[in-house]
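Here's the structure, in structure tokens; my notes come after.
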Amino acid sequence: MTDHPHTTCEELLGSLSAYIDGDLDPQLCQELEKHLAECDNCRIVLNTTKRTIDLVQTPLEKPDLPEDVRERLFKRLNLDHYLTPKPK
Ligand SMILES: [Zn+2]
């Protein structure tokens, strides 16, 4: 890994939470979106993550989601589910 012309899934997913928070460097953001356009896997993860966050962040009930819960959520989504090849 001397150079990274492409965002890898791992990199992308590592930045996903920052991306969703709008915290990501604009340039990285672009790379990430480019990658998302080409990678179904990451798109699914992003959508799922977003939806999950929407659910947990519903302001009606819980205005603040504690950091650690959030982190755990991301770790959890972090992809054993989607990225690990499922044994058949
Ligand atoms: Zn990917």
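We name chains A, B, ... following the order of the structure tokens; residues begin at 1 in each chain, and ligands are numbered from 1 as shown.
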| message | Applying 12 Å and only C-alpha atoms, which residues near Tyr19 of chain A remain after dropping the ones on its own chain fewer than 6 positions away? List them as a count of residues only. | response | 16
Within 8 Å of ligand 1 (counting only C-alpha atoms and all ligand atoms), which residues show up? I'd like them as an mmCIF file with all heavy atoms, in the first residue's frame.
data_model
loop_
_atom_site.group_PDB
_atom_site.id
_atom_site.type_symbol
_atom_site.label_atom_id
_atom_site.label_comp_id
_atom_site.auth_asym_id
_atom_site.auth_seq_id
_atom_site.Cartn_x
_atom_site.Cartn_y
_atom_site.Cartn_z
ATOM 1 N N THR A 7 -10.445 4.351 -2.818
ATOM 2 C CA THR A 7 -10.861 4.130 -1.451
ATOM 3 C C THR A 7 -11.227 2.662 -1.307
ATOM 4 O O THR A 7 -11.953 2.126 -2.114
ATOM 5 C CB THR A 7 -12.107 4.975 -1.137
ATOM 6 O OG1 THR A 7 -11.855 6.307 -1.525
ATOM 7 C CG2 THR A 7 -12.430 4.912 0.333
ATOM 8 N N THR A 8 -10.689 2.071 -0.315
ATOM 9 C CA THR A 8 -11.075 0.681 -0.098
ATOM 10 C C THR A 8 -12.291 0.632 0.806
ATOM 11 O O THR A 8 -12.603 1.591 1.490
ATOM 12 C CB THR A 8 -9.944 -0.100 0.585
ATOM 13 O OG1 THR A 8 -9.764 0.430 1.891
ATOM 14 C CG2 THR A 8 -8.662 0.018 -0.194
ATOM 15 N N CYS A 9 -12.934 -0.490 0.798
ATOM 16 C CA CYS A 9 -14.115 -0.655 1.636
ATOM 17 C C CYS A 9 -13.780 -0.375 3.090
ATOM 18 O O CYS A 9 -14.517 0.293 3.793
ATOM 19 C CB CYS A 9 -14.669 -2.065 1.493
ATOM 20 S SG CYS A 9 -15.334 -2.394 -0.141
ATOM 21 N N GLU A 10 -12.649 -0.883 3.492
ATOM 22 C CA GLU A 10 -12.287 -0.699 4.894
ATOM 23 C C GLU A 10 -12.111 0.763 5.261
ATOM 24 O O GLU A 10 -12.573 1.222 6.296
ATOM 25 C CB GLU A 10 -10.980 -1.429 5.189
ATOM 26 C CG GLU A 10 -11.213 -2.750 5.865
ATOM 27 C CD GLU A 10 -9.895 -3.427 6.154
ATOM 28 O OE1 GLU A 10 -8.937 -2.719 6.519
ATOM 29 O OE2 GLU A 10 -9.833 -4.646 6.005
ATOM 30 N N LEU A 12 -13.350 3.273 3.753
ATOM 31 C CA LEU A 12 -14.634 3.926 3.667
ATOM 32 C C LEU A 12 -15.457 3.684 4.915
ATOM 33 O O LEU A 12 -16.009 4.601 5.495
ATOM 34 C CB LEU A 12 -15.377 3.390 2.445
ATOM 35 C CG LEU A 12 -16.726 4.051 2.190
ATOM 36 C CD1 LEU A 12 -16.940 4.158 0.704
ATOM 37 C CD2 LEU A 12 -17.828 3.279 2.835
ATOM 38 N N LEU A 13 -15.483 2.456 5.313
ATOM 39 C CA LEU A 13 -16.332 2.135 6.442
ATOM 40 C C LEU A 13 -15.774 2.727 7.723
ATOM 41 O O LEU A 13 -16.508 3.048 8.638
ATOM 42 C CB LEU A 13 -16.499 0.624 6.542
ATOM 43 C CG LEU A 13 -17.265 0.099 5.318
ATOM 44 C CD1 LEU A 13 -17.195 -1.409 5.233
ATOM 45 C CD2 LEU A 13 -18.700 0.557 5.340
ATOM 46 N N HIS A 35 -16.686 5.932 -4.317
ATOM 47 C CA HIS A 35 -16.619 4.512 -4.005
ATOM 48 C C HIS A 35 -18.022 3.931 -3.814
ATOM 49 O O HIS A 35 -18.334 2.855 -4.309
ATOM 50 C CB HIS A 35 -15.781 4.278 -2.750
ATOM 51 C CG HIS A 35 -15.729 2.834 -2.351
ATOM 52 N ND1 HIS A 35 -14.791 1.960 -2.828
ATOM 53 C CD2 HIS A 35 -16.535 2.113 -1.531
ATOM 54 C CE1 HIS A 35 -15.013 0.766 -2.319
ATOM 55 N NE2 HIS A 35 -16.057 0.822 -1.524
ATOM 56 N N LEU A 36 -18.844 4.676 -3.130
ATOM 57 C CA LEU A 36 -20.208 4.207 -2.884
ATOM 58 C C LEU A 36 -20.958 3.967 -4.184
ATOM 59 O O LEU A 36 -21.768 3.055 -4.285
ATOM 60 C CB LEU A 36 -20.965 5.237 -2.045
ATOM 61 C CG LEU A 36 -20.656 5.235 -0.565
ATOM 62 C CD1 LEU A 36 -21.324 6.419 0.099
ATOM 63 C CD2 LEU A 36 -21.129 3.955 0.082
ATOM 64 N N GLU A 38 -19.835 2.826 -6.742
ATOM 65 C CA GLU A 38 -19.383 1.613 -7.427
ATOM 66 C C GLU A 38 -19.493 0.359 -6.573
ATOM 67 O O GLU A 38 -19.273 -0.740 -7.054
ATOM 68 C CB GLU A 38 -17.911 1.774 -7.826
ATOM 69 C CG GLU A 38 -17.714 2.847 -8.874
ATOM 70 C CD GLU A 38 -16.250 3.238 -8.968
ATOM 71 O OE1 GLU A 38 -15.434 2.718 -8.186
ATOM 72 O OE2 GLU A 38 -15.941 4.071 -9.826
ATOM 73 N N CYS A 39 -19.763 0.558 -5.328
ATOM 74 C CA CYS A 39 -19.681 -0.584 -4.431
ATOM 75 C C CYS A 39 -21.017 -0.827 -3.723
ATOM 76 O O CYS A 39 -21.396 -0.111 -2.816
ATOM 77 C CB CYS A 39 -18.572 -0.337 -3.408
ATOM 78 S SG CYS A 39 -18.348 -1.709 -2.290
ATOM 79 N N ASP A 40 -21.705 -1.830 -4.185
ATOM 80 C CA ASP A 40 -23.005 -2.167 -3.608
ATOM 81 C C ASP A 40 -22.909 -2.440 -2.120
ATOM 82 O O ASP A 40 -23.747 -2.036 -1.332
ATOM 83 C CB ASP A 40 -23.573 -3.420 -4.275
ATOM 84 C CG ASP A 40 -24.055 -3.109 -5.677
ATOM 85 O OD1 ASP A 40 -24.232 -1.912 -5.976
ATOM 86 O OD2 ASP A 40 -24.225 -4.050 -6.461
ATOM 87 N N ASN A 41 -21.870 -3.165 -1.809
ATOM 88 C CA ASN A 41 -21.680 -3.583 -0.436
ATOM 89 C C ASN A 41 -21.665 -2.388 0.513
ATOM 90 O O ASN A 41 -22.377 -2.346 1.514
ATOM 91 C CB ASN A 41 -20.363 -4.346 -0.355
ATOM 92 C CG ASN A 41 -20.346 -5.289 0.827
ATOM 93 O OD1 ASN A 41 -21.384 -5.526 1.441
ATOM 94 N ND2 ASN A 41 -19.197 -5.803 1.132
ATOM 95 N N CYS A 42 -20.859 -1.418 0.187
ATOM 96 C CA CYS A 42 -20.729 -0.249 1.039
ATOM 97 C C CYS A 42 -22.011 0.580 1.038
ATOM 98 O O CYS A 42 -22.359 1.195 2.035
ATOM 99 C CB CYS A 42 -19.551 0.612 0.591
ATOM 100 S SG CYS A 42 -17.987 -0.162 1.000
ATOM 101 N N ARG A 43 -22.689 0.574 -0.095
ATOM 102 C CA ARG A 43 -23.936 1.324 -0.158
ATOM 103 C C ARG A 43 -24.950 0.726 0.796
ATOM 104 O O ARG A 43 -25.678 1.437 1.489
ATOM 105 C CB ARG A 43 -24.474 1.332 -1.580
ATOM 106 C CG ARG A 43 -24.897 2.711 -1.972
ATOM 107 C CD ARG A 43 -25.133 2.913 -3.441
ATOM 108 N NE ARG A 43 -25.469 1.709 -4.144
ATOM 109 C CZ ARG A 43 -24.896 1.347 -5.292
ATOM 110 N NH1 ARG A 43 -23.961 2.094 -5.813
ATOM 111 N NH2 ARG A 43 -25.255 0.256 -5.894
#
